[in-house]
$ cat data_3.pdb   # PDB, C-alpha atoms
ATOM      1  CA  MET R   1      -1.550  -1.333  -3.925
ATOM      2  CA  ASP R   2       2.178  -1.668  -4.296
ATOM      3  CA  GLY R   3       5.329   0.149  -3.386
ATOM      4  CA  GLY R   4       8.828  -0.506  -4.558
ATOM      5  CA  ALA R   5      12.373   0.756  -4.499
ATOM      6  CA  ARG R   6      15.202   0.142  -6.937
ATOM      7  CA  GLY R   7      17.879  -0.513  -4.395
ATOM      8  CA  ASN R   8      17.090  -0.693  -0.705
ATOM      9  CA  PRO R   9      17.020   2.195  -0.082
ATOM     10  CA  GLY R  10      16.806   3.663  -3.540
ATOM     11  CA  PRO R  11      14.519   5.553  -5.877
ATOM     12  CA  ALA R  12      10.991   4.551  -4.867
ATOM     13  CA  ALA R  13       7.430   4.792  -6.134
ATOM     14  CA  ILE R  14       3.959   3.838  -4.977
ATOM     15  CA  ALA R  15       0.704   2.872  -6.675
ATOM     16  CA  ALA R  16      -2.859   2.044  -5.754
ATOM     17  CA  VAL R  17      -5.701   0.619  -7.814
ATOM     18  CA  ALA R  18      -9.233   0.963  -6.446
ATOM     19  CA  SER R  19     -11.690  -1.672  -7.626
ATOM     20  CA  GLU R  20     -15.332  -2.536  -7.110
ATOM     21  CA  PRO R  21     -16.140  -5.671  -5.095
ATOM     22  CA  GLY R  22     -16.734  -7.483  -8.408
ATOM     23  CA  GLY R  23     -13.238  -6.563  -9.587
ATOM     24  CA  GLY R  24     -13.975  -3.707 -11.992
ATOM     25  CA  GLU R  25     -11.283  -1.043 -11.771
ATOM     26  CA  LEU R  26     -12.532   2.377 -10.653
ATOM     27  CA  VAL R  27      -9.403   4.525 -10.440
ATOM     28  CA  GLU R  28      -5.633   4.185 -10.214
ATOM     29  CA  ARG R  29      -2.888   6.481  -9.020
ATOM     30  CA  SER R  30       0.885   6.322  -8.768
ATOM     31  CA  ALA R  31       3.647   8.612  -7.607
ATOM     32  CA  TYR R  32       7.407   8.807  -7.368
ATOM     33  CA  ILE R  33       8.334   9.341  -3.684
ATOM     34  CA  GLY R  34      12.104   9.846  -3.881
ATOM     35  CA  GLU R  35      14.625   7.836  -1.904
ATOM     36  CA  ALA R  36      13.050   5.208   0.380
ATOM     37  CA  THR R  37      13.250   1.582   1.414
ATOM     38  CA  ASN R  38      10.918  -0.981  -0.114
ATOM     39  CA  ASN R  39       8.986  -1.352   3.158
ATOM     40  CA  VAL R  40       8.502   2.413   3.506
ATOM     41  CA  ALA R  41       7.220   2.472  -0.077
ATOM     42  CA  GLU R  42       4.776  -0.355   0.709
ATOM     43  CA  TYR R  43       3.341   1.589   3.661
ATOM     44  CA  ARG R  44       3.140   4.791   1.632
ATOM     45  CA  ALA R  45       1.245   2.812  -1.039
ATOM     46  CA  LEU R  46      -1.162   1.587   1.635
ATOM     47  CA  LEU R  47      -1.836   5.184   2.642
ATOM     48  CA  LEU R  48      -2.374   6.126  -1.014
ATOM     49  CA  GLY R  49      -4.888   3.293  -1.392
ATOM     50  CA  ILE R  50      -6.739   4.429   1.723
ATOM     51  CA  GLU R  51      -6.839   7.976   0.327
ATOM     52  CA  LEU R  52      -8.350   6.694  -2.943
ATOM     53  CA  ALA R  53     -10.991   4.694  -1.047
ATOM     54  CA  ARG R  54     -11.943   7.782   0.965
ATOM     55  CA  GLU R  55     -12.201   9.909  -2.185
ATOM     56  CA  LEU R  56     -14.574   7.308  -3.637
ATOM     57  CA  GLY R  57     -16.714   7.407  -0.501
ATOM     58  CA  ALA R  58     -16.012   3.810   0.504
ATOM     59  CA  ARG R  59     -17.251   2.700   3.917
ATOM     60  CA  GLU R  60     -15.568  -0.708   3.675
ATOM     61  CA  VAL R  61     -12.171  -1.539   2.232
ATOM     62  CA  GLU R  62     -10.195  -4.675   1.487
ATOM     63  CA  VAL R  63      -6.504  -3.897   1.185
ATOM     64  CA  ILE R  64      -4.732  -6.241  -1.210
ATOM     65  CA  ASN R  65      -0.980  -5.981  -1.633
ATOM     66  CA  ASP R  66       2.025  -8.171  -2.331
ATOM     67  CA  SER R  67       3.877  -7.308   0.878
ATOM     68  CA  GLU R  68       3.593 -10.070   3.445
ATOM     69  CA  LEU R  69       5.317  -7.849   6.013
ATOM     70  CA  VAL R  70       2.847  -4.964   5.700
ATOM     71  CA  ALA R  71      -0.198  -7.262   5.501
ATOM     72  CA  ARG R  72       0.828  -9.183   8.609
ATOM     73  CA  GLN R  73       1.842  -6.089  10.590
ATOM     74  CA  VAL R  74      -1.442  -4.340   9.796
ATOM     75  CA  GLY R  75      -3.337  -7.580  10.407
ATOM     76  CA  GLY R  76      -1.730  -7.937  13.827
ATOM     77  CA  GLN R  77       0.220 -11.152  13.189
ATOM     78  CA  TYR R  78       3.642  -9.424  13.171
ATOM     79  CA  LYS R  79       4.969  -6.722  15.468
ATOM     80  CA  VAL R  80       6.428  -3.552  13.999
ATOM     81  CA  LYS R  81      10.031  -3.772  15.169
ATOM     82  CA  HIS R  82      11.646  -1.243  12.828
ATOM     83  CA  ALA R  83      11.444   2.265  14.325
ATOM     84  CA  GLY R  84      11.288   3.874  10.878
ATOM     85  CA  LEU R  85       8.114   1.966   9.987
ATOM     86  CA  ARG R  86       6.269   2.616  13.251
ATOM     87  CA  PRO R  87       4.937   6.110  12.345
ATOM     88  CA  LEU R  88       3.686   4.815   8.973
ATOM     89  CA  PHE R  89       2.094   1.800  10.664
ATOM     90  CA  LEU R  90       0.330   4.004  13.230
ATOM     91  CA  GLU R  91      -0.886   6.424  10.549
ATOM     92  CA  SER R  92      -2.177   3.486   8.493
ATOM     93  CA  MET R  93      -4.019   1.946  11.445
ATOM     94  CA  GLU R  94      -5.631   5.271  12.336
ATOM     95  CA  ALA R  95      -6.715   5.761   8.725
ATOM     96  CA  LEU R  96      -8.166   2.244   8.487
ATOM     97  CA  ARG R  97     -10.223   2.809  11.630
ATOM     98  CA  SER R  98     -12.180   5.487   9.761
ATOM     99  CA  PHE R  99     -13.896   2.736   7.738
ATOM    100  CA  ASP R 100     -16.889   0.771   9.010
ATOM    101  CA  ARG R 101     -15.058  -2.428   8.102
ATOM    102  CA  TRP R 102     -11.646  -3.231   6.689
ATOM    103  CA  SER R 103      -9.416  -6.218   6.010
ATOM    104  CA  VAL R 104      -5.950  -6.767   4.613
ATOM    105  CA  ARG R 105      -4.344  -9.632   2.736
ATOM    106  CA  ASN R 106      -1.290 -10.196   0.636
ATOM    107  CA  VAL R 107      -1.214 -11.916  -2.732
ATOM    108  CA  PRO R 108       1.610 -13.066  -5.010
ATOM    109  CA  ARG R 109       3.089 -10.291  -7.155
ATOM    110  CA  ALA R 110       1.512 -11.842 -10.268
ATOM    111  CA  GLU R 111      -1.931 -11.173  -8.761
ATOM    112  CA  ASN R 112      -0.967  -7.543  -8.141
ATOM    113  CA  ALA R 113       0.247  -6.924 -11.672
ATOM    114  CA  ARG R 114      -1.452  -3.584 -12.402
ATOM    115  CA  ALA R 115      -0.177  -1.870  -9.253
ATOM    116  CA  ASP R 116       3.281  -3.372  -9.818
ATOM    117  CA  ALA R 117       3.314  -2.024 -13.391
ATOM    118  CA  LEU R 118       2.281   1.442 -12.192
ATOM    119  CA  VAL R 119       5.201   1.470  -9.729
ATOM    120  CA  SER R 120       7.628   0.566 -12.529
ATOM    121  CA  GLU R 121       6.166   3.264 -14.800
ATOM    122  CA  ALA R 122       6.491   5.917 -12.071
ATOM    123  CA  LEU R 123      10.126   4.917 -11.462
ATOM    124  CA  ASP R 124      10.902   4.956 -15.206
ATOM    125  CA  ASP R 125       9.221   8.360 -15.640
ATOM    126  CA  ALA R 126      11.229   9.799 -12.728
ATOM    127  CA  ARG R 127      14.462   8.630 -14.346
ATOM    128  CA  GLY R 128      13.510  10.441 -17.522
TER     129      GLY R 128
END

$ encode --input "data_3.pdb" --output "structure tokens"
Amino acid sequence: MDGGARGNPGPAAIAAVASEPGGGELVERSAYIGEATNNVAEYRALLLGIELARELGAREVEVINDSELVARQVGGQYKVKHAGLRPLFLESMEALRSFDRWSVRNVPRAENARADALVSEALDDARG
């Protein structure tokens, strides 16, 4: 999953790619979300990824993103200090608890290329 804003805040979009444990892509989705900060977009992308996993009937989920902040907040290593992110964090944690097992990790942007490309496409499409 990935979220991004052009400007901070600025026009923002989110994307999620659901894959099998072996890496085969199952489904992808992206959306333009209007004006938002990059961190808000990252959390909204997390929620989109969780929604995709639920639609696929997943009981376990590994969240992979390129946001160290979101991965470490959700993983419990960082506190959520920004008041604007707290509701998204709480919603994400509640949603993750619906799975039998879940984990989260961040990867370099190059390893999240498909989701990153979907974010760019959604932003370009919104611009017309």

$ resolve_selection --input "data_3.pdb" --expression "the PyMOL selection byres ((chain R and resi 62) around 9)" --output "list in words"
Pro21, Glu60, Val61, Val63, Ile64, Arg101, Trp102, Ser103, Val104 and Arg105 of chain R

$ closest_atom_pairs --input "data_3.pdb" --of "stretch 20-114 of chain R" --to "stretch 2-11 of chain R" --cutoff "9 Å" --atoms "only C-alpha atoms" --output "tab-separated table"
residue	atom	partner	partner_atom	distance
R:Tyr32	CA	R:Pro11	CA	8.0
R:Ile33	CA	R:Pro11	CA	7.6
R:Gly34	CA	R:Pro11	CA	5.3
R:Glu35	CA	R:Pro11	CA	4.6
R:Ala36	CA	R:Pro9	CA	5.0
R:Thr37	CA	R:Pro9	CA	4.1
R:Asn38	CA	R:Gly4	CA	4.9
R:Asn39	CA	R:Gly3	CA	7.6
R:Val40	CA	R:Gly3	CA	7.9
R:Ala41	CA	R:Gly3	CA	4.5
R:Glu42	CA	R:Gly3	CA	4.2
R:Tyr43	CA	R:Gly3	CA	7.5
R:Arg44	CA	R:Gly3	CA	7.2
R:Ala45	CA	R:Gly3	CA	5.4
R:Leu46	CA	R:Asp2	CA	7.5
R:Ile64	CA	R:Asp2	CA	8.8
R:Asn65	CA	R:Asp2	CA	6.0
R:Asp66	CA	R:Asp2	CA	6.8
R:Ser67	CA	R:Asp2	CA	7.8
R:Asn112	CA	R:Asp2	CA	7.7

$ atom_distance --input "data_3.pdb" --atom1 "atom CA of R:Ala18" --atom2 "atom CA of R:Val74"
18.8 Å

$ resolve_selection --input "data_3.pdb" --expression "the PyMOL selection byres ((chain R and resi 123) around 8)" --output "PDB file with C-alpha atoms, in the frame of the given file"
ATOM      1  CA  PRO R  11      14.519   5.553  -5.877  1.00  0.00           C
ATOM      2  CA  ALA R  12      10.991   4.551  -4.867  1.00  0.00           C
ATOM      3  CA  ALA R  13       7.430   4.792  -6.134  1.00  0.00           C
ATOM      4  CA  TYR R  32       7.407   8.807  -7.368  1.00  0.00           C
ATOM      5  CA  VAL R 119       5.201   1.470  -9.729  1.00  0.00           C
ATOM      6  CA  SER R 120       7.628   0.566 -12.529  1.00  0.00           C
ATOM      7  CA  GLU R 121       6.166   3.264 -14.800  1.00  0.00           C
ATOM      8  CA  ALA R 122       6.491   5.917 -12.071  1.00  0.00           C
ATOM      9  CA  ASP R 124      10.902   4.956 -15.206  1.00  0.00           C
ATOM     10  CA  ASP R 125       9.221   8.360 -15.640  1.00  0.00           C
ATOM     11  CA  ALA R 126      11.229   9.799 -12.728  1.00  0.00           C
ATOM     12  CA  ARG R 127      14.462   8.630 -14.346  1.00  0.00           C
TER      13      ARG R 127
END

$ axis_aligned_box --input "data_3.pdb" --around "stretch 5-15 of chain R" --padding-each-side "3 Å" --output "lines of an AutoDock Vina configuration file"
center_x = 9.3
center_y = 2.4
center_z = -3.5
size_x = 23.2
size_y = 12.2
size_z = 12.9

$ closest_residue --input "data_3.pdb" --among "R:Ala83, R:Ala31, R:Ala53, R:Ile14" --to "R:Leu96" --atoms "all atoms listed in the file"
R:Ala53

$ closest_residue --input "data_3.pdb" --among "R:Gly128, R:Ala115, R:Met1, R:Glu20" --to "R:Val70" --atoms "all atoms listed in the file"
R:Met1

$ closest_residue --input "data_3.pdb" --among "R:Asp100, R:Gly76, R:Met93, R:Leu56" --to "R:Leu26" --atoms "only C-alpha atoms"
R:Leu56

$ build_atoms --input "data_3.pdb" --residues "stretch 25-36 of chain R" --atoms "all heavy atoms" --output "PDB file, keeping the file's coordinate frame"
ATOM      1  N   GLU R  25     -12.163  -2.131 -12.215  1.00  0.00           N
ATOM      2  CA  GLU R  25     -11.283  -1.043 -11.771  1.00  0.00           C
ATOM      3  C   GLU R  25     -12.022   0.284 -11.822  1.00  0.00           C
ATOM      4  O   GLU R  25     -12.677   0.613 -12.806  1.00  0.00           O
ATOM      5  CB  GLU R  25     -10.045  -0.999 -12.663  1.00  0.00           C
ATOM      6  CG  GLU R  25      -9.002  -0.025 -12.172  1.00  0.00           C
ATOM      7  CD  GLU R  25      -7.765  -0.013 -13.048  1.00  0.00           C
ATOM      8  OE1 GLU R  25      -7.211  -1.091 -13.316  1.00  0.00           O
ATOM      9  OE2 GLU R  25      -7.358   1.094 -13.445  1.00  0.00           O
ATOM     10  N   LEU R  26     -11.903   1.062 -10.741  1.00  0.00           N
ATOM     11  CA  LEU R  26     -12.532   2.377 -10.653  1.00  0.00           C
ATOM     12  C   LEU R  26     -11.554   3.500 -10.942  1.00  0.00           C
ATOM     13  O   LEU R  26     -11.833   4.410 -11.708  1.00  0.00           O
ATOM     14  CB  LEU R  26     -13.135   2.578  -9.256  1.00  0.00           C
ATOM     15  CG  LEU R  26     -14.258   1.635  -8.862  1.00  0.00           C
ATOM     16  CD1 LEU R  26     -14.602   1.801  -7.385  1.00  0.00           C
ATOM     17  CD2 LEU R  26     -15.476   1.889  -9.734  1.00  0.00           C
ATOM     18  N   VAL R  27     -10.390   3.457 -10.286  1.00  0.00           N
ATOM     19  CA  VAL R  27      -9.403   4.525 -10.440  1.00  0.00           C
ATOM     20  C   VAL R  27      -8.038   3.993 -10.018  1.00  0.00           C
ATOM     21  O   VAL R  27      -7.946   3.063  -9.204  1.00  0.00           O
ATOM     22  CB  VAL R  27      -9.801   5.772  -9.618  1.00  0.00           C
ATOM     23  CG1 VAL R  27      -9.780   5.497  -8.137  1.00  0.00           C
ATOM     24  CG2 VAL R  27      -8.955   6.976  -9.959  1.00  0.00           C
ATOM     25  N   GLU R  28      -6.995   4.563 -10.590  1.00  0.00           N
ATOM     26  CA  GLU R  28      -5.633   4.185 -10.214  1.00  0.00           C
ATOM     27  C   GLU R  28      -4.794   5.440 -10.080  1.00  0.00           C
ATOM     28  O   GLU R  28      -5.087   6.462 -10.691  1.00  0.00           O
ATOM     29  CB  GLU R  28      -5.026   3.219 -11.235  1.00  0.00           C
ATOM     30  CG  GLU R  28      -4.918   3.787 -12.630  1.00  0.00           C
ATOM     31  CD  GLU R  28      -4.469   2.766 -13.669  1.00  0.00           C
ATOM     32  OE1 GLU R  28      -4.759   1.564 -13.514  1.00  0.00           O
ATOM     33  OE2 GLU R  28      -3.809   3.194 -14.629  1.00  0.00           O
ATOM     34  N   ARG R  29      -3.771   5.329  -9.248  1.00  0.00           N
ATOM     35  CA  ARG R  29      -2.888   6.481  -9.020  1.00  0.00           C
ATOM     36  C   ARG R  29      -1.499   5.954  -8.686  1.00  0.00           C
ATOM     37  O   ARG R  29      -1.358   4.941  -8.014  1.00  0.00           O
ATOM     38  CB  ARG R  29      -3.429   7.324  -7.877  1.00  0.00           C
ATOM     39  CG  ARG R  29      -2.712   8.647  -7.710  1.00  0.00           C
ATOM     40  CD  ARG R  29      -3.389   9.531  -6.694  1.00  0.00           C
ATOM     41  NE  ARG R  29      -4.743   9.878  -7.137  1.00  0.00           N
ATOM     42  CZ  ARG R  29      -5.706  10.286  -6.330  1.00  0.00           C
ATOM     43  NH1 ARG R  29      -5.497  10.397  -5.036  1.00  0.00           N
ATOM     44  NH2 ARG R  29      -6.894  10.591  -6.796  1.00  0.00           N
ATOM     45  N   SER R  30      -0.494   6.674  -9.121  1.00  0.00           N
ATOM     46  CA  SER R  30       0.885   6.322  -8.768  1.00  0.00           C
ATOM     47  C   SER R  30       1.681   7.594  -8.555  1.00  0.00           C
ATOM     48  O   SER R  30       1.282   8.671  -8.998  1.00  0.00           O
ATOM     49  CB  SER R  30       1.532   5.465  -9.861  1.00  0.00           C
ATOM     50  OG  SER R  30       1.598   6.176 -11.080  1.00  0.00           O
ATOM     51  N   ALA R  31       2.802   7.450  -7.876  1.00  0.00           N
ATOM     52  CA  ALA R  31       3.647   8.612  -7.607  1.00  0.00           C
ATOM     53  C   ALA R  31       5.070   8.166  -7.305  1.00  0.00           C
ATOM     54  O   ALA R  31       5.292   7.120  -6.684  1.00  0.00           O
ATOM     55  CB  ALA R  31       3.107   9.406  -6.419  1.00  0.00           C
ATOM     56  N   TYR R  32       6.006   8.976  -7.738  1.00  0.00           N
ATOM     57  CA  TYR R  32       7.407   8.807  -7.368  1.00  0.00           C
ATOM     58  C   TYR R  32       7.570   9.465  -5.999  1.00  0.00           C
ATOM     59  O   TYR R  32       7.097  10.582  -5.781  1.00  0.00           O
ATOM     60  CB  TYR R  32       8.307   9.481  -8.408  1.00  0.00           C
ATOM     61  CG  TYR R  32       9.774   9.426  -8.068  1.00  0.00           C
ATOM     62  CD1 TYR R  32      10.476   8.242  -8.192  1.00  0.00           C
ATOM     63  CD2 TYR R  32      10.445  10.560  -7.618  1.00  0.00           C
ATOM     64  CE1 TYR R  32      11.823   8.176  -7.877  1.00  0.00           C
ATOM     65  CE2 TYR R  32      11.792  10.496  -7.297  1.00  0.00           C
ATOM     66  CZ  TYR R  32      12.476   9.304  -7.433  1.00  0.00           C
ATOM     67  OH  TYR R  32      13.807   9.250  -7.114  1.00  0.00           O
ATOM     68  N   ILE R  33       8.221   8.783  -5.042  1.00  0.00           N
ATOM     69  CA  ILE R  33       8.334   9.341  -3.684  1.00  0.00           C
ATOM     70  C   ILE R  33       9.772   9.646  -3.278  1.00  0.00           C
ATOM     71  O   ILE R  33      10.021   9.989  -2.126  1.00  0.00           O
ATOM     72  CB  ILE R  33       7.665   8.431  -2.634  1.00  0.00           C
ATOM     73  CG1 ILE R  33       8.322   7.040  -2.601  1.00  0.00           C
ATOM     74  CG2 ILE R  33       6.164   8.343  -2.887  1.00  0.00           C
ATOM     75  CD1 ILE R  33       7.900   6.196  -1.408  1.00  0.00           C
ATOM     76  N   GLY R  34      10.708   9.551  -4.215  1.00  0.00           N
ATOM     77  CA  GLY R  34      12.104   9.846  -3.881  1.00  0.00           C
ATOM     78  C   GLY R  34      12.810   8.641  -3.293  1.00  0.00           C
ATOM     79  O   GLY R  34      12.437   7.504  -3.553  1.00  0.00           O
ATOM     80  N   GLU R  35      13.798   8.886  -2.502  1.00  0.00           N
ATOM     81  CA  GLU R  35      14.625   7.836  -1.904  1.00  0.00           C
ATOM     82  C   GLU R  35      13.896   7.216  -0.711  1.00  0.00           C
ATOM     83  O   GLU R  35      13.481   7.922   0.209  1.00  0.00           O
ATOM     84  CB  GLU R  35      15.945   8.460  -1.448  1.00  0.00           C
ATOM     85  CG  GLU R  35      17.008   7.473  -1.083  1.00  0.00           C
ATOM     86  CD  GLU R  35      17.884   7.079  -2.260  1.00  0.00           C
ATOM     87  OE1 GLU R  35      17.696   7.579  -3.380  1.00  0.00           O
ATOM     88  OE2 GLU R  35      18.765   6.245  -2.047  1.00  0.00           O
ATOM     89  N   ALA R  36      13.726   5.897  -0.724  1.00  0.00           N
ATOM     90  CA  ALA R  36      13.050   5.208   0.380  1.00  0.00           C
ATOM     91  C   ALA R  36      13.399   3.725   0.327  1.00  0.00           C
ATOM     92  O   ALA R  36      13.908   3.229  -0.688  1.00  0.00           O
ATOM     93  CB  ALA R  36      11.540   5.389   0.280  1.00  0.00           C
TER      94      ALA R  36
END
